[in-house]
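Containing CSV, C-alpha atoms: data.csv.
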chain,number,residue,atom,x,y,z
A,118,ASP,CA,95.2,135.9,114.6
A,119,ALA,CA,97.4,138.4,112.7
A,120,GLY,CA,96.3,142.0,113.2
A,121,ILE,CA,94.9,142.8,109.8
A,122,THR,CA,91.6,144.6,109.1
A,123,GLN,CA,89.9,145.7,106.0
A,124,SER,CA,87.4,148.6,105.5
A,125,PRO,CA,84.7,148.8,104.4
A,126,ARG,CA,83.6,145.2,104.7
A,127,HIS,CA,80.7,145.7,102.3
A,128,LYS,CA,80.2,148.3,99.7
A,129,VAL,CA,77.7,148.9,96.9
A,130,THR,CA,78.5,151.5,94.3
A,131,GLU,CA,77.6,152.6,90.9
A,132,THR,CA,79.6,152.2,87.6
A,133,GLY,CA,81.9,155.1,87.1
A,134,THR,CA,82.4,156.1,90.7
A,135,PRO,CA,85.8,156.0,92.5
A,136,VAL,CA,86.2,153.5,95.3
A,137,THR,CA,89.0,153.1,97.8
A,138,LEU,CA,89.5,150.0,100.0
A,139,ARG,CA,91.7,150.1,103.0
A,140,CYS,CA,93.9,147.4,104.5
A,141,HIS,CA,95.4,148.1,107.9
A,142,GLN,CA,97.9,145.9,109.8
A,143,THR,CA,99.4,146.0,113.2
A,144,GLU,CA,102.1,143.4,112.6
A,145,ASN,CA,104.7,145.6,111.0
A,146,HIS,CA,105.0,143.1,108.1
A,147,ARG,CA,106.9,144.4,105.1
A,148,TYR,CA,104.8,142.8,102.4
A,149,MET,CA,101.2,143.6,101.7
A,150,TYR,CA,99.0,142.2,98.9
A,151,TRP,CA,95.6,142.8,97.4
A,152,TYR,CA,93.7,139.9,95.8
A,153,ARG,CA,90.3,139.5,94.2
A,154,GLN,CA,88.4,136.3,94.5
A,155,ASP,CA,85.8,135.3,91.9
A,156,PRO,CA,84.0,132.1,91.2
A,157,GLY,CA,85.9,129.8,88.9
A,158,HIS,CA,89.1,131.8,89.2
A,159,GLY,CA,90.3,131.5,92.7
A,160,LEU,CA,92.4,134.2,94.2
A,161,ARG,CA,94.2,136.5,91.8
A,162,LEU,CA,96.9,139.0,92.7
A,163,ILE,CA,96.1,142.6,91.9
A,164,HIS,CA,99.0,144.6,93.4
A,165,TYR,CA,101.5,144.1,96.1
A,166,SER,CA,103.8,146.3,98.2
A,167,TYR,CA,107.3,145.5,99.4
A,168,GLY,CA,107.7,148.6,101.5
A,169,VAL,CA,106.5,152.2,102.0
A,170,LYS,CA,106.0,153.7,98.6
A,171,ASP,CA,107.2,150.5,96.9
A,172,THR,CA,104.5,148.7,94.9
A,173,ASP,CA,104.3,146.4,91.9
A,174,LYS,CA,101.7,145.0,89.6
A,175,GLY,CA,100.1,141.5,89.9
A,176,GLU,CA,98.3,139.3,87.5
A,177,VAL,CA,95.1,141.5,87.2
A,178,SER,CA,96.2,145.1,87.8
A,179,ASP,CA,94.3,146.9,85.0
A,180,GLY,CA,91.8,149.3,86.4
A,181,TYR,CA,93.3,149.4,89.9
A,182,SER,CA,95.9,151.5,91.6
A,183,VAL,CA,97.5,151.3,95.0
A,184,SER,CA,99.3,153.4,97.5
A,185,ARG,CA,101.3,152.7,100.7
A,186,SER,CA,102.4,155.9,102.5
A,187,LYS,CA,102.7,154.1,105.9
A,188,THR,CA,103.9,150.6,106.8
A,189,GLU,CA,100.5,149.8,108.3
A,190,ASP,CA,98.2,150.9,105.5
A,191,PHE,CA,97.8,149.7,101.9
A,192,LEU,CA,95.0,151.3,99.9
A,193,LEU,CA,93.4,149.9,96.8
A,194,THR,CA,91.7,152.4,94.5
A,195,LEU,CA,89.3,151.7,91.6
A,196,GLU,CA,89.4,155.0,89.8
A,197,SER,CA,86.2,154.4,87.9
A,198,ALA,CA,84.4,151.3,89.0
A,199,THR,CA,83.0,148.8,86.4
A,200,SER,CA,80.6,145.9,86.9
A,201,SER,CA,83.5,143.5,86.1
A,202,GLN,CA,85.1,144.7,89.3
A,203,THR,CA,82.3,143.3,91.4
A,204,SER,CA,84.2,140.8,93.6
A,205,VAL,CA,85.4,139.9,97.0
A,206,TYR,CA,88.7,141.7,97.8
A,207,PHE,CA,91.2,140.2,100.2
A,208,CYS,CA,94.2,141.9,101.7
A,209,ALA,CA,97.1,139.8,103.0
A,210,ILE,CA,100.4,140.5,104.7
A,211,SER,CA,103.6,138.6,105.1
A,212,PRO,CA,107.0,139.3,106.8
A,213,ARG,CA,109.0,138.1,103.7
A,214,LEU,CA,108.1,137.5,100.1
A,215,GLN,CA,106.8,134.1,99.3
A,216,GLU,CA,106.3,133.2,103.0
A,217,THR,CA,103.1,132.5,104.8
A,218,GLN,CA,100.5,135.1,104.2
A,219,TYR,CA,97.9,136.2,106.7
A,220,PHE,CA,94.6,137.3,105.2
A,221,GLY,CA,92.2,140.0,106.2
A,222,PRO,CA,88.4,139.3,106.5
A,223,GLY,CA,87.7,140.5,102.9
A,224,THR,CA,85.6,143.2,101.4
A,225,ARG,CA,82.5,142.5,99.3
A,226,LEU,CA,82.2,145.0,96.5
A,227,LEU,CA,79.1,145.3,94.3
A,228,VAL,CA,79.3,147.6,91.3
A,229,LEU,CA,75.9,148.3,89.8
B,17,LYS,CA,96.1,128.5,81.4
B,18,ASN,CA,96.0,127.4,85.0
B,19,GLU,CA,99.3,127.2,86.8
B,20,VAL,CA,97.6,125.3,89.7
B,21,GLU,CA,95.1,122.6,89.3
B,22,GLN,CA,93.2,121.0,92.2
B,23,SER,CA,91.2,117.8,92.4
B,24,PRO,CA,88.5,117.1,93.2
B,25,GLN,CA,86.6,120.3,92.9
B,26,ASN,CA,83.9,119.1,95.4
B,27,LEU,CA,84.1,116.3,97.9
B,28,THR,CA,81.5,114.9,100.4
B,29,ALA,CA,82.6,112.6,103.1
B,30,GLN,CA,81.2,110.8,106.1
B,31,GLU,CA,82.5,111.8,109.5
B,32,GLY,CA,85.6,109.8,110.3
B,33,GLU,CA,86.7,109.2,106.7
B,34,PHE,CA,90.2,109.7,105.5
B,35,ILE,CA,90.3,112.6,102.9
B,36,THR,CA,92.8,113.4,100.3
B,37,ILE,CA,92.9,116.6,98.2
B,38,ASN,CA,95.4,116.9,95.3
B,39,CYS,CA,97.3,119.8,93.8
B,40,SER,CA,99.3,119.9,90.7
B,41,TYR,CA,101.3,122.9,89.4
B,42,SER,CA,103.2,123.7,86.3
B,43,VAL,CA,105.7,126.4,87.3
B,44,GLY,CA,108.9,126.2,89.3
B,45,ILE,CA,108.2,127.0,92.9
B,46,SER,CA,110.0,128.1,96.0
B,47,ALA,CA,107.1,127.0,98.2
B,48,LEU,CA,103.6,125.6,98.2
B,49,HIS,CA,100.9,126.7,100.6
B,50,TRP,CA,97.7,125.1,101.7
B,51,LEU,CA,94.9,127.5,102.8
B,52,GLN,CA,91.5,126.9,104.4
B,53,GLN,CA,88.6,129.1,103.7
B,54,HIS,CA,85.6,128.8,106.0
B,55,PRO,CA,82.0,129.3,104.9
B,56,GLY,CA,82.1,132.8,106.4
B,57,GLY,CA,84.9,133.7,104.0
B,58,GLY,CA,87.9,133.9,106.2
B,59,ILE,CA,91.1,132.5,104.9
B,60,VAL,CA,93.7,130.8,107.1
B,61,SER,CA,97.1,129.4,106.2
B,62,LEU,CA,97.5,125.8,107.1
B,63,PHE,CA,100.9,124.8,105.7
B,64,MET,CA,103.8,126.2,103.9
B,65,LEU,CA,106.2,123.5,102.5
B,66,SER,CA,109.0,123.3,100.0
B,67,SER,CA,109.9,119.6,100.5
B,68,GLY,CA,108.8,116.4,102.2
B,69,LYS,CA,105.9,116.4,104.6
B,70,LYS,CA,104.4,118.4,107.4
B,71,LYS,CA,101.8,117.4,110.0
B,72,HIS,CA,99.6,119.5,112.2
B,73,GLY,CA,97.0,117.6,114.3
B,74,ARG,CA,94.8,115.6,111.9
B,75,LEU,CA,96.2,117.4,108.8
B,76,ILE,CA,99.1,116.2,106.8
B,77,ALA,CA,100.6,117.9,103.7
B,78,THR,CA,103.1,116.3,101.4
B,79,ILE,CA,104.9,117.6,98.3
B,80,ASN,CA,106.8,115.9,95.5
B,81,ILE,CA,108.9,118.6,93.8
B,82,GLN,CA,110.0,116.4,90.9
B,83,GLU,CA,106.4,115.5,90.1
B,84,LYS,CA,105.1,119.0,90.8
B,85,HIS,CA,102.4,117.6,93.0
B,86,SER,CA,101.1,118.0,96.6
B,87,SER,CA,98.5,116.4,98.6
B,88,LEU,CA,96.6,117.5,101.7
B,89,HIS,CA,95.3,114.6,103.9
B,90,ILE,CA,92.7,114.9,106.7
B,91,THR,CA,92.5,111.9,109.0
B,92,ALA,CA,89.4,111.1,111.0
B,93,SER,CA,87.4,113.9,109.3
B,94,HIS,CA,84.9,115.9,111.3
B,95,PRO,CA,82.0,118.2,110.2
B,96,ARG,CA,84.1,121.2,111.4
B,97,ASP,CA,86.6,120.4,108.6
B,98,SER,CA,83.9,121.5,106.1
B,99,ALA,CA,85.5,124.3,104.2
B,100,VAL,CA,87.2,125.2,100.9
B,101,TYR,CA,90.8,124.1,100.7
B,102,ILE,CA,93.1,126.1,98.5
B,103,CYS,CA,96.5,125.3,97.1
B,104,ALA,CA,98.8,128.1,96.2
B,105,VAL,CA,102.4,128.2,94.9
B,106,ALA,CA,105.1,130.9,95.1
B,107,GLU,CA,106.9,131.0,91.8
B,108,ASN,CA,110.6,130.8,92.1
B,109,THR,CA,111.5,133.2,89.3
B,110,GLY,CA,109.7,136.3,90.5
B,111,ASN,CA,107.1,137.6,92.8
B,112,GLN,CA,103.9,135.8,91.7
B,113,PHE,CA,101.6,133.6,93.7
B,114,TYR,CA,99.2,131.4,91.8
B,115,PHE,CA,96.2,129.9,93.5
B,116,GLY,CA,94.0,126.9,92.7
B,117,THR,CA,90.3,127.4,92.5
B,118,GLY,CA,89.8,125.3,95.6
B,119,THR,CA,88.3,122.1,96.8
B,120,SER,CA,85.0,122.4,98.6
B,121,LEU,CA,84.8,119.7,101.3
B,122,THR,CA,81.6,118.8,103.2
B,123,VAL,CA,81.8,116.3,106.0
B,124,ILE,CA,78.5,114.8,107.0
B,125,PRO,CA,77.9,113.7,110.6

Turn the structure described in the file into structure tokens.
Amino acid sequence: DAGITQSPRHKVTETGTPVTLRCHQTENHRYMYWYRQDPGHGLRLIHYSYGVKDTDKGEVSDGYSVSRSKTEDFLLTLESATSSQTSVYFCAISPRLQETQYFGPGTRLLVL
Amino acid sequence: KNEVEQSPQNLTAQEGEFITINCSYSVGISALHWLQQHPGGGIVSLFMLSSGKKKHGRLIATINIQEKHSSLHITASHPRDSAVYICAVAENTGNQFYFGTGTSLTVIP
């Protein structure tokens, strides 16, 4: 298995509070991705990174920001969580764009 | 608008049956991926293909670029194959991945 971890694995928070999810990899892959998975929608790309300090928006980026200060860490921040951001969040990594992605175990976020 | 459509959404099979899951897409692609998501939630990449056919054990994936269609076949299905199978495409004009909503497979002993 690719060395990719996510923290926390579960989180319950209240509307309006900031939340940061962390993705950590030990594979030195250049590309890192954040997805959310919701019933009826499948996986949807939130943001991705193509290098340290290089990020770009995905399909559903509104309400989310990201940062990548080190190759191994990619942070996803919900500045002010809303109930619509209740979801399962997956991080993924790949050595090159559009190649096989390796997924983390996921983070279940509940916003009350 | 769904760039990737999978069928069927749900599938129940008896152990040993031959299974086919279909994926159709509407965008130009550089590659198509088949993923497996286990009941515990973990996602594993099964195949990446841009043409022809690939085989790994009892799993076979095919793609027809002209028809924008791919199939995932499972031969001699087993209860441990029970999972959600997800089709994803890498768009060839940019940086987007599009995912289908998945096919939930249950194989009964």

Got a sec: who's within 10 Å of Asp171 (chain A), counting all atoms listed in the file, leaving out chain neighbours fewer than 2 positions off, as an mmCIF file with C-alpha atoms, keeping the file's coordinate frame?
data_model
loop_
_atom_site.group_PDB
_atom_site.id
_atom_site.type_symbol
_atom_site.label_atom_id
_atom_site.label_comp_id
_atom_site.auth_asym_id
_atom_site.auth_seq_id
_atom_site.Cartn_x
_atom_site.Cartn_y
_atom_site.Cartn_z
ATOM 1 C CA TYR A 148 104.800 142.800 102.400
ATOM 2 C CA TYR A 165 101.500 144.100 96.100
ATOM 3 C CA SER A 166 103.800 146.300 98.200
ATOM 4 C CA TYR A 167 107.300 145.500 99.400
ATOM 5 C CA GLY A 168 107.700 148.600 101.500
ATOM 6 C CA VAL A 169 106.500 152.200 102.000
ATOM 7 C CA ASP A 173 104.300 146.400 91.900
ATOM 8 C CA VAL A 183 97.500 151.300 95.000
ATOM 9 C CA SER A 184 99.300 153.400 97.500
ATOM 10 C CA ARG A 185 101.300 152.700 100.700
ATOM 11 C CA SER A 186 102.400 155.900 102.500
#

What is the distance, in Å and to one decimal place, between CA of Pro24 (chain B) and CA of Asn38 (chain B)?
7.2 Å

Protein, DNA and RNA residues within 10 Å of (98.8, 132.4, 104.6), only C-alpha atoms, as a PyMOL selection string:
(chain A and resi 209-211+215-220) or (chain B and resi 49-52+59-64+104)

Please provide as a list of chain:residue names all residues within 8 Å of Gly159 (chain A), with the sequence filter that same-chain residues fewer than 4 positions apart are discarded (counting only C-alpha atoms).
A:Gln154, A:Asp155, B:Phe115, B:Gly116, B:Thr117, B:Gly118

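For the atom pair formed by CA of Gly68 (chain B) and CA of Asn80 (chain B), the distance is 7.0 Å, given to one decimal.
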